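Dropping query-v1.txt in here (compact mmCIF, C-alpha atoms):
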# COMPACT_ATOMS: atom_id res chain seq x y z
CA MET O 1 0.27 19.78 0.17
CA ALA O 2 -1.27 20.24 -3.25
CA GLY O 3 1.98 22.08 -3.92
CA LEU O 4 4.06 18.93 -4.22
CA PHE O 5 1.45 17.11 -6.28
CA LYS O 6 1.41 19.97 -8.77
CA LYS O 7 5.17 20.20 -8.81
CA LEU O 8 5.52 16.48 -9.57
CA ILE O 9 2.92 16.64 -12.33
CA THR O 10 4.70 19.55 -13.97
CA ALA O 11 8.07 17.85 -13.62
CA MET O 12 6.82 14.56 -15.08
CA ARG O 13 4.77 15.96 -17.94
CA GLY O 14 5.93 14.33 -21.14
CA GLY O 15 8.44 16.51 -22.90
CA ALA O 16 8.88 18.78 -19.93
CA ARG O 17 12.33 17.31 -19.43
CA GLU O 18 14.84 14.93 -20.98
CA VAL O 19 14.13 11.20 -20.66
CA GLY O 20 15.97 9.85 -17.65
CA GLU O 21 16.58 13.27 -16.19
CA ALA O 22 15.92 13.34 -12.45
CA VAL O 23 12.44 14.54 -11.57
CA VAL O 24 13.18 15.05 -7.95
CA ASP O 25 15.41 17.67 -6.50
CA MET O 26 17.31 15.79 -3.80
CA ASN O 27 17.74 19.07 -1.97
CA ALA O 28 13.97 19.25 -1.56
CA VAL O 29 14.01 15.72 -0.15
CA ARG O 30 16.58 16.71 2.46
CA ILE O 31 14.50 19.75 3.40
CA TYR O 32 11.43 17.55 3.87
CA GLU O 33 13.40 15.09 5.94
CA GLN O 34 14.71 17.93 8.11
CA GLU O 35 11.20 19.33 8.54
CA ILE O 36 9.91 15.92 9.63
CA GLU O 37 12.80 15.61 12.05
CA ASP O 38 12.06 19.07 13.51
CA ALA O 39 8.38 18.28 13.82
CA ARG O 40 9.21 15.04 15.62
CA ASN O 41 11.43 16.93 18.07
CA ASN O 42 8.68 19.48 18.66
CA LEU O 43 6.24 16.69 19.30
CA ALA O 44 8.55 15.01 21.79
CA ARG O 45 9.07 18.33 23.60
CA ALA O 46 5.34 19.07 23.66
CA LYS O 47 4.70 15.60 25.11
CA GLN O 48 7.26 16.17 27.83
CA ASP O 49 5.82 19.61 28.62
CA LEU O 50 2.36 18.18 28.69
CA THR O 51 3.30 15.62 31.34
CA GLY O 52 4.79 18.37 33.47
CA VAL O 53 1.81 20.71 33.14
CA ILE O 54 -0.70 17.94 33.83
CA ALA O 55 1.26 17.10 36.98
CA LYS O 56 1.08 20.76 38.06
CA GLU O 57 -2.63 20.88 37.33
CA MET O 58 -3.18 17.84 39.52
CA GLN O 59 -1.03 19.36 42.23
CA ALA O 60 -3.14 22.53 42.25
CA GLU O 61 -6.28 20.41 42.42
CA ARG O 62 -4.96 18.49 45.42
CA GLU O 63 -3.99 21.76 47.09
CA ILE O 64 -7.48 23.19 46.58
CA LYS O 65 -8.99 20.07 48.12
CA ARG O 66 -6.64 20.33 51.10
CA ILE O 67 -7.53 24.00 51.63
CA ASN O 68 -11.25 23.21 51.40
CA ASP O 69 -10.87 20.52 54.07
CA GLU O 70 -8.98 22.93 56.28
CA LEU O 71 -11.55 25.66 55.71
CA GLY O 72 -14.32 23.31 56.79
CA ARG O 73 -12.42 22.43 59.92
CA TYR O 74 -11.66 26.06 60.87
CA GLU O 75 -15.22 27.16 60.17
CA GLN O 76 -16.37 24.51 62.63
CA HIS O 77 -13.81 25.77 65.16
CA ALA O 78 -15.09 29.35 64.72
CA LEU O 79 -18.67 28.24 65.29
CA ASP O 80 -17.65 26.28 68.38
CA ALA O 81 -15.75 29.31 69.76
CA LEU O 82 -18.78 31.58 69.22
CA ASN O 83 -21.02 29.02 70.93
CA LYS O 84 -18.72 29.08 73.93
CA GLY O 85 -18.78 32.88 73.92
CA ARG O 86 -15.10 33.10 72.94
CA GLU O 87 -15.44 35.88 70.38
CA ASP O 88 -11.70 36.63 70.63
CA LEU O 89 -10.80 33.12 69.48
CA ALA O 90 -13.47 33.23 66.80
CA GLU O 91 -11.92 36.38 65.46
CA GLU O 92 -8.47 34.77 65.27
CA VAL O 93 -9.97 31.81 63.41
CA ALA O 94 -11.72 34.21 61.02
CA VAL O 95 -8.35 35.73 60.11
CA LYS O 96 -7.02 32.22 59.38
CA ILE O 97 -10.10 31.44 57.24
CA ALA O 98 -9.62 34.65 55.25
CA GLU O 99 -5.97 33.67 54.61
CA LEU O 100 -6.99 30.20 53.46
CA GLU O 101 -9.62 31.64 51.12
CA THR O 102 -7.03 33.92 49.52
CA GLU O 103 -4.72 30.95 49.09
CA ARG O 104 -7.53 28.92 47.54
CA GLY O 105 -8.25 31.75 45.14
CA SER O 106 -4.68 31.81 43.85
CA GLN O 107 -4.56 28.01 43.56
CA GLU O 108 -7.77 28.08 41.51
CA ALA O 109 -6.33 30.72 39.21
CA ALA O 110 -3.20 28.59 38.77
CA LYS O 111 -5.30 25.52 38.04
CA THR O 112 -7.26 27.38 35.34
CA GLN O 113 -3.99 28.51 33.80
CA PHE O 114 -2.49 25.01 33.83
CA HIS O 115 -5.65 23.63 32.29
CA ALA O 116 -5.52 26.14 29.45
CA HIS O 117 -1.84 25.28 28.93
CA VAL O 118 -2.71 21.57 28.70
CA GLU O 119 -5.33 22.26 26.06
CA ARG O 120 -2.91 24.41 24.10
CA LEU O 121 -0.21 21.72 24.17
CA LYS O 122 -2.69 19.07 23.07
CA GLY O 123 -3.66 21.29 20.14
CA ILE O 124 -0.02 21.80 19.17
CA MET O 125 0.58 18.05 19.32
CA LYS O 126 -2.39 17.30 17.11
CA GLN O 127 -1.23 19.86 14.59
CA THR O 128 2.35 18.57 14.64
CA GLU O 129 1.20 15.00 14.16
CA GLY O 130 -0.79 16.16 11.13
CA THR O 131 2.25 17.93 9.72
CA ILE O 132 4.41 14.84 10.20
CA ARG O 133 1.83 12.61 8.50
CA GLN O 134 1.52 15.01 5.57
CA HIS O 135 5.27 15.40 5.12
CA GLU O 136 5.81 11.67 5.33
CA ARG O 137 3.24 11.10 2.61
CA GLU O 138 4.86 13.72 0.43
CA LEU O 139 8.24 12.20 1.09
CA ALA O 140 6.88 8.78 0.11
CA MET O 141 5.76 10.28 -3.21
CA VAL O 142 9.14 11.82 -3.79
CA ARG O 143 11.02 8.66 -2.79
CA THR O 144 8.84 6.47 -5.02
CA THR O 145 9.36 8.79 -7.97
CA GLU O 146 13.07 8.65 -7.30
CA SER O 147 13.23 4.85 -7.02
CA VAL O 148 11.10 4.36 -10.14
CA GLN O 149 13.41 6.71 -12.03
CA LYS O 150 16.47 4.85 -10.82
CA ALA O 151 14.94 1.48 -11.63
CA THR O 152 13.94 2.63 -15.11
CA ARG O 153 17.42 3.93 -15.73
CA SER O 154 19.11 0.64 -14.89
CA ILE O 155 16.49 -1.36 -16.81
CA THR O 156 16.90 0.83 -19.90
CA ASP O 157 20.68 0.64 -19.59
CA ASN O 158 20.55 -3.15 -19.43
CA TYR O 159 18.14 -3.62 -22.29
CA GLY O 160 19.59 -0.88 -24.42
CA ALA O 161 23.08 -2.37 -24.30
CA GLY O 162 22.34 -6.09 -24.35
CA ALA O 163 21.05 -8.25 -27.15
CA THR O 164 17.78 -8.78 -25.30
CA ARG O 165 15.89 -5.68 -26.30
CA LEU O 166 12.41 -5.18 -25.05
CA LEU O 167 10.02 -6.07 -27.85
CA ASP O 168 7.19 -3.86 -28.97
CA ALA O 169 3.86 -4.73 -27.41
CA LYS O 170 2.34 -6.21 -30.55
CA SER O 171 5.16 -8.69 -31.13
CA SER O 172 5.26 -9.56 -27.45
CA LEU O 173 1.61 -10.39 -27.45
CA GLU O 174 1.92 -12.44 -30.64
CA ARG O 175 4.75 -14.46 -29.18
CA ILE O 176 2.93 -15.01 -25.89
CA LYS O 177 -0.25 -16.06 -27.67
CA LYS O 178 1.69 -18.40 -29.93
CA ARG O 179 3.35 -19.99 -26.93
CA GLN O 180 0.01 -20.38 -25.21
CA GLN O 181 -1.41 -21.90 -28.42
CA ASP O 182 1.56 -24.27 -28.67
CA PHE O 183 0.92 -25.33 -25.12
CA SER O 184 -2.76 -26.01 -25.66
CA ASP O 185 -1.91 -27.81 -28.95
CA ARG O 186 0.48 -30.01 -27.06
CA MET O 187 -2.21 -30.67 -24.49
CA SER O 188 -4.74 -31.69 -27.15
CA ALA O 189 -2.13 -33.81 -28.87
CA ALA O 190 -1.48 -35.55 -25.61
CA ASP O 191 -5.22 -36.03 -25.19
CA ALA O 192 -5.53 -37.50 -28.67
CA LEU O 193 -2.63 -39.83 -28.01
CA GLU O 194 -4.30 -40.91 -24.81
CA GLN O 195 -7.49 -41.58 -26.77
CA GLU O 196 -5.67 -43.67 -29.34
CA SER O 197 -3.39 -45.74 -27.22
CA GLY O 198 -4.82 -45.46 -23.75
CA SER O 199 -7.68 -47.06 -21.93
CA GLY O 200 -10.27 -45.15 -23.96
CA SER O 201 -9.58 -47.09 -27.13
CA LEU O 202 -9.44 -50.47 -25.36
CA ASP O 203 -12.86 -49.86 -23.82
CA ASP O 204 -14.16 -48.88 -27.23
CA LYS O 205 -12.82 -52.10 -28.77
CA LEU O 206 -14.32 -54.23 -25.99
CA LYS O 207 -17.63 -52.48 -26.32
CA SER O 208 -17.79 -53.03 -30.04
CA ALA O 209 -17.02 -56.70 -29.39
CA GLY O 210 -19.99 -56.81 -26.98
CA ILE O 211 -17.74 -57.31 -23.96
CA GLY O 212 -17.93 -55.39 -20.71
CA ASP O 213 -20.04 -52.27 -20.35
CA THR O 214 -22.32 -52.70 -23.35
CA SER O 215 -25.14 -50.26 -23.72
CA SER O 216 -28.49 -51.69 -24.70
CA GLY O 217 -30.22 -50.45 -27.79
CA SER O 218 -33.80 -49.13 -27.81
CA SER O 219 -35.13 -52.33 -29.42
CA GLU O 220 -33.79 -54.35 -26.51
CA VAL O 221 -35.46 -51.98 -24.07
CA LEU O 222 -38.78 -52.25 -25.88
CA ALA O 223 -38.53 -56.05 -25.92
CA ARG O 224 -37.85 -56.06 -22.20
CA LEU O 225 -40.84 -53.80 -21.48
CA LYS O 226 -43.18 -55.86 -23.64
CA LYS O 227 -42.11 -58.98 -21.77
CA ARG O 228 -43.16 -57.33 -18.52
CA VAL O 229 -46.70 -56.55 -19.68
CA GLY O 230 -47.05 -60.11 -20.92
CA GLN O 231 -46.88 -59.46 -24.57
CA GLY O 232 -43.48 -60.98 -24.99
CA MET N 1 17.04 -4.56 -1.85
CA GLN N 2 17.34 -6.92 1.07
CA LEU N 3 13.62 -6.69 1.53
CA ILE N 4 12.65 -7.66 -2.03
CA SER N 5 15.36 -10.33 -2.24
CA LYS N 6 13.94 -11.90 0.87
CA VAL N 7 10.35 -11.76 -0.36
CA MET N 8 11.35 -13.15 -3.78
CA GLU N 9 13.31 -15.98 -2.19
CA GLY N 10 10.13 -16.75 -0.30
CA VAL N 11 8.12 -16.74 -3.53
CA LEU N 12 10.52 -19.19 -5.20
CA ALA N 13 10.29 -21.48 -2.18
CA LEU N 14 6.48 -21.57 -2.16
CA ASP N 15 4.85 -24.87 -3.01
CA GLU N 16 3.07 -25.16 -6.32
CA GLU N 17 -0.41 -24.52 -4.97
CA LYS N 18 0.63 -21.26 -3.32
CA ARG N 19 2.47 -20.27 -6.49
CA LEU N 20 -0.92 -20.63 -8.23
CA GLY N 21 0.63 -23.28 -10.48
CA LEU N 22 2.99 -20.72 -12.02
CA GLU N 23 6.73 -20.83 -12.46
CA PHE N 24 8.67 -17.77 -11.32
CA ASP N 25 12.18 -16.87 -12.31
CA ALA N 26 13.92 -14.04 -10.48
CA GLN N 27 17.16 -12.28 -11.33
CA PRO N 28 18.67 -9.08 -10.03
CA ILE N 29 19.28 -6.42 -12.65
CA PRO N 30 22.85 -5.20 -12.55
CA GLY N 31 23.30 -1.49 -12.03
CA ASP N 32 23.18 1.11 -9.31
CA SER N 33 19.53 0.47 -8.58
CA ASP N 34 17.92 -2.35 -6.67
CA VAL N 35 15.68 -4.06 -9.16
CA ILE N 36 14.79 -7.71 -9.52
CA GLN N 37 13.52 -8.96 -12.85
CA VAL N 38 10.85 -11.62 -12.59
CA LEU N 39 9.62 -13.84 -15.40
CA VAL N 40 6.29 -15.59 -15.01
CA ASN N 41 6.23 -19.00 -16.71
CA GLY N 42 9.39 -18.07 -18.57
CA GLN N 43 7.61 -15.29 -20.39
CA GLU N 44 10.57 -13.17 -21.34
CA GLU N 45 8.50 -10.76 -23.45
CA LEU N 46 6.82 -9.25 -20.42
CA PRO N 47 9.32 -9.16 -17.59
CA ILE N 48 8.11 -7.75 -14.29
CA PHE N 49 10.49 -5.47 -12.46
CA VAL N 50 10.29 -5.42 -8.70
CA THR N 51 11.78 -2.56 -6.74
CA ALA N 52 11.28 -1.12 -3.27
CA SER N 53 11.55 2.22 -1.55
CA ASP N 54 11.28 2.82 2.20
CA ASP N 55 7.53 2.99 1.92
CA GLN N 56 6.42 0.39 -0.60
CA ILE N 57 7.26 -2.41 -3.00
CA LEU N 58 6.55 -1.69 -6.65
CA CYS N 59 6.02 -4.34 -9.33
CA ILE N 60 6.24 -2.79 -12.79
CA CYS N 61 5.60 -4.28 -16.21
CA TYR N 62 6.31 -2.12 -19.27
CA LEU N 63 3.60 -2.28 -21.89
CA TRP N 64 4.59 -0.09 -24.84
CA SER N 65 6.35 3.14 -25.59
CA GLU N 66 4.95 6.42 -26.84
CA ASP N 67 6.14 5.81 -30.40
CA GLU N 68 4.04 2.62 -30.64
CA VAL N 69 0.83 4.59 -30.07
CA LYS N 70 -1.26 5.65 -33.08
CA SER N 71 -1.07 9.38 -32.45
CA GLU N 72 -4.55 10.09 -33.85
CA ARG N 73 -6.07 7.65 -31.34
CA LYS N 74 -3.98 8.53 -28.30
CA GLN N 75 -6.75 10.46 -26.54
CA GLU N 76 -9.11 7.50 -26.92
CA MET N 77 -6.46 5.14 -25.63
CA LEU N 78 -5.78 7.27 -22.56
CA GLU N 79 -9.47 7.42 -21.76
CA ALA N 80 -9.82 3.67 -22.18
CA MET N 81 -6.90 3.17 -19.79
CA LEU N 82 -8.43 5.55 -17.27
CA ASP N 83 -11.75 3.70 -17.49
CA MET N 84 -10.08 0.32 -17.02
CA ASN N 85 -7.80 1.49 -14.24
CA MET N 86 -10.23 0.97 -11.39
CA PRO N 87 -11.91 -2.30 -12.38
CA MET N 88 -8.54 -3.90 -13.11
CA PRO N 89 -7.76 -6.11 -10.10
CA LEU N 90 -4.68 -5.14 -8.04
CA SER N 91 -2.90 -3.31 -10.88
CA SER N 92 -2.96 0.22 -12.24
CA PHE N 93 -1.75 1.91 -15.41
CA GLY N 94 1.07 4.37 -15.26
CA ARG N 95 3.72 6.00 -17.36
CA ILE N 96 7.42 6.33 -16.79
CA ASP N 97 9.14 8.72 -19.16
CA ASP N 98 7.96 7.61 -22.62
CA LYS N 99 6.89 4.12 -21.53
CA TYR N 100 3.41 3.07 -20.57
CA ALA N 101 3.39 0.54 -17.78
CA ILE N 102 1.12 -1.49 -15.58
CA PHE N 103 2.09 -1.74 -11.94
CA GLY N 104 1.09 -2.83 -8.49
CA ALA N 105 2.14 -1.17 -5.25
CA MET N 106 2.45 -3.31 -2.16
CA SER N 107 3.13 -2.82 1.52
CA THR N 108 6.68 -3.46 2.64
CA ARG N 109 5.14 -5.99 5.03
CA SER N 110 3.87 -8.17 2.18
CA THR N 111 4.36 -11.93 2.43
CA PRO N 112 5.71 -14.18 -0.35
CA GLU N 113 2.12 -15.39 -0.87
CA ASP N 114 0.99 -11.78 -1.42
CA MET N 115 3.83 -11.29 -3.86
CA ALA N 116 2.95 -14.45 -5.82
CA VAL N 117 -0.65 -13.28 -6.19
CA GLU N 118 0.53 -9.81 -7.21
CA LEU N 119 2.91 -11.15 -9.87
CA ALA N 120 0.35 -13.57 -11.27
CA MET N 121 -2.30 -10.87 -11.44
CA LEU N 122 0.07 -8.32 -12.98
CA ASN N 123 1.14 -10.79 -15.65
CA ASP N 124 -2.45 -11.63 -16.60
CA ASN N 125 -3.50 -7.97 -16.51
CA ALA N 126 -0.58 -6.99 -18.73
CA ILE N 127 -1.47 -9.56 -21.39
CA ASP N 128 -5.16 -8.64 -21.25
CA ALA N 129 -4.39 -4.93 -21.41
CA ILE N 130 -2.18 -5.22 -24.49
CA ASP N 131 -4.79 -7.43 -26.12
CA ALA N 132 -7.57 -4.95 -25.34
CA LEU N 133 -5.65 -1.82 -26.31
CA LEU N 134 -4.03 -3.25 -29.44
CA PRO N 135 -6.34 -1.22 -31.71
CA TYR N 136 -4.63 1.96 -30.49
CA LEU N 137 -1.15 0.68 -31.27
CA LYS N 138 0.69 0.83 -34.56
Using structure tokens, write down the structure from this file.
Amino acid sequence: MAGLFKKLITAMRGGAREVGEAVVDMNAVRIYEQEIEDARNNLARAKQDLTGVIAKEMQAEREIKRINDELGRYEQHALDALNKGREDLAEEVAVKIAELETERGSQEAAKTQFHAHVERLKGIMKQTEGTIRQHERELAMVRTTESVQKATRSITDNYGAGATRLLDAKSSLERIKKRQQDFSDRMSAADALEQESGSGSLDDKLKSAGIGDTSSGSSEVLARLKKRVGQG
Amino acid sequence: MQLISKVMEGVLALDEEKRLGLEFDAQPIPGDSDVIQVLVNGQEELPIFVTASDDQILCICYLWSEDEVKSERKQEMLEAMLDMNMPMPLSSFGRIDDKYAIFGAMSTRSTPEDMAVELAMLNDNAIDAIDALLPYLK
């Protein structure tokens, strides 16, 4: 993984290659894509296998249960035969029980094997999923590098050829700031105009003529207060 | 290309409040690549270029080129950019060939509202960054 990161850093280091030269080897991209595709196929196969093996494991389990039931039944039969003094029958049943026990033994061995297989497949799937995720991330890095390169190329081509060259940062900032200043100047001018000709000035005129919302001076307030305490 | 055209159409159709009170102007760049040039409030000095790969949408704004940097202060400038990179909202510094840039990477599932916020933020960050790093430029 760190491999690709390092490779990209080396490839993109300033001066390590000509401006506009492709950073990414498209062959490498195709290899990555193929590897992801292969991993996906492996994953799909492992999933299919897993279903099959789990089914077999369950089958073995069911078989073991069936044999156990049968064993219980035959053991009871053997006991009954002995109780009735039929040793001959009991012996026949014992042979059957021995057969069933052998069968159970092989089913248990199979079950253990299937279980181990399931675990192994699950491990493979986890690993493959990890590989896919890692390759996809690497591919995203490669693709982004590629699309940024392509975009830069067409932007440079357009600005290099046309009259609209990209300005240097300092001039850009100056122009932007000037435009912003112009805008706020226009806003203040509009404000001033509003002050002069708008409602603000009319209110001011009325106020100075003592009409409308006139504010009282401190002497008026004092006079009013004195009147209240009976000194007026 | 279809993806970013669709998102940008959505941005242009947003009502003023969702456009954060900004005006956006979008134009495809002719050429073999799929790039849309976006101007925020008609600011042609700092165009934002929007492009997409299978995995993400990239919004890129070029800041200055290597030859604008005061060579004796380059190290300082790079460290300042590295320090500012994380606190800067939604955008990061980068370099493409000999051009320093500020960019934002977005999910291909981004909505026009997301894109409007991204473009507004990128535009403001770009202006602030040039202003802040001007001492390192010729």
Point-to-point distance in Å for atom CA of N:Val50 and atom CA of O:Thr156: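 Rounded to one decimal, the two atoms are 14.4 Å apart.
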Define the interface residues of chain N facing chain O as those within 8 Å, counting only C-alpha atoms, and report them as a PyMOL selection string. chain N and resi 29-35+43+45-46+51-56+63-65+68+96-98+127+130-131+134+137
Leaving out N:Gly104 and any residue of its chain fewer than 2 positions from it, which residues lie within 6 Å of it when counting all atoms listed in the file, given as an mmCIF file with C-alpha atoms, in the coordinates of the input?
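Wrote it out as out-v6.cif, contents follow:
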data_model
loop_
_atom_site.group_PDB
_atom_site.id
_atom_site.type_symbol
_atom_site.label_atom_id
_atom_site.label_comp_id
_atom_site.auth_asym_id
_atom_site.auth_seq_id
_atom_site.Cartn_x
_atom_site.Cartn_y
_atom_site.Cartn_z
ATOM 1 C CA LEU N 58 6.550 -1.690 -6.650
ATOM 2 C CA CYS N 59 6.020 -4.340 -9.330
ATOM 3 C CA SER N 91 -2.900 -3.310 -10.880
#
Give me the residues near stretch 18-25 of chain N as a PDB file with C-alpha atoms, keeping the file's coordinate frame, where near means some atom within 9 Å (using only C-alpha atoms) and where sequence neighbours in that chain fewer than 6 positions away do not count.
ATOM      1  CA  VAL N  11       8.120 -16.740  -3.530  1.00  0.00           C
ATOM      2  CA  LEU N  12      10.520 -19.190  -5.200  1.00  0.00           C
ATOM      3  CA  GLN N  37      13.520  -8.960 -12.850  1.00  0.00           C
ATOM      4  CA  VAL N  38      10.850 -11.620 -12.590  1.00  0.00           C
ATOM      5  CA  LEU N  39       9.620 -13.840 -15.400  1.00  0.00           C
ATOM      6  CA  VAL N  40       6.290 -15.590 -15.010  1.00  0.00           C
ATOM      7  CA  ASN N  41       6.230 -19.000 -16.710  1.00  0.00           C
ATOM      8  CA  GLY N  42       9.390 -18.070 -18.570  1.00  0.00           C
ATOM      9  CA  GLU N 113       2.120 -15.390  -0.870  1.00  0.00           C
ATOM     10  CA  ALA N 116       2.950 -14.450  -5.820  1.00  0.00           C
ATOM     11  CA  VAL N 117      -0.650 -13.280  -6.190  1.00  0.00           C
ATOM     12  CA  LEU N 119       2.910 -11.150  -9.870  1.00  0.00           C
ATOM     13  CA  ALA N 120       0.350 -13.570 -11.270  1.00  0.00           C
TER      14      ALA N 120
END
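Here atom CA of O:Arg66 is placed at a distance of 27.4 Å from atom CA of O:Gln48.
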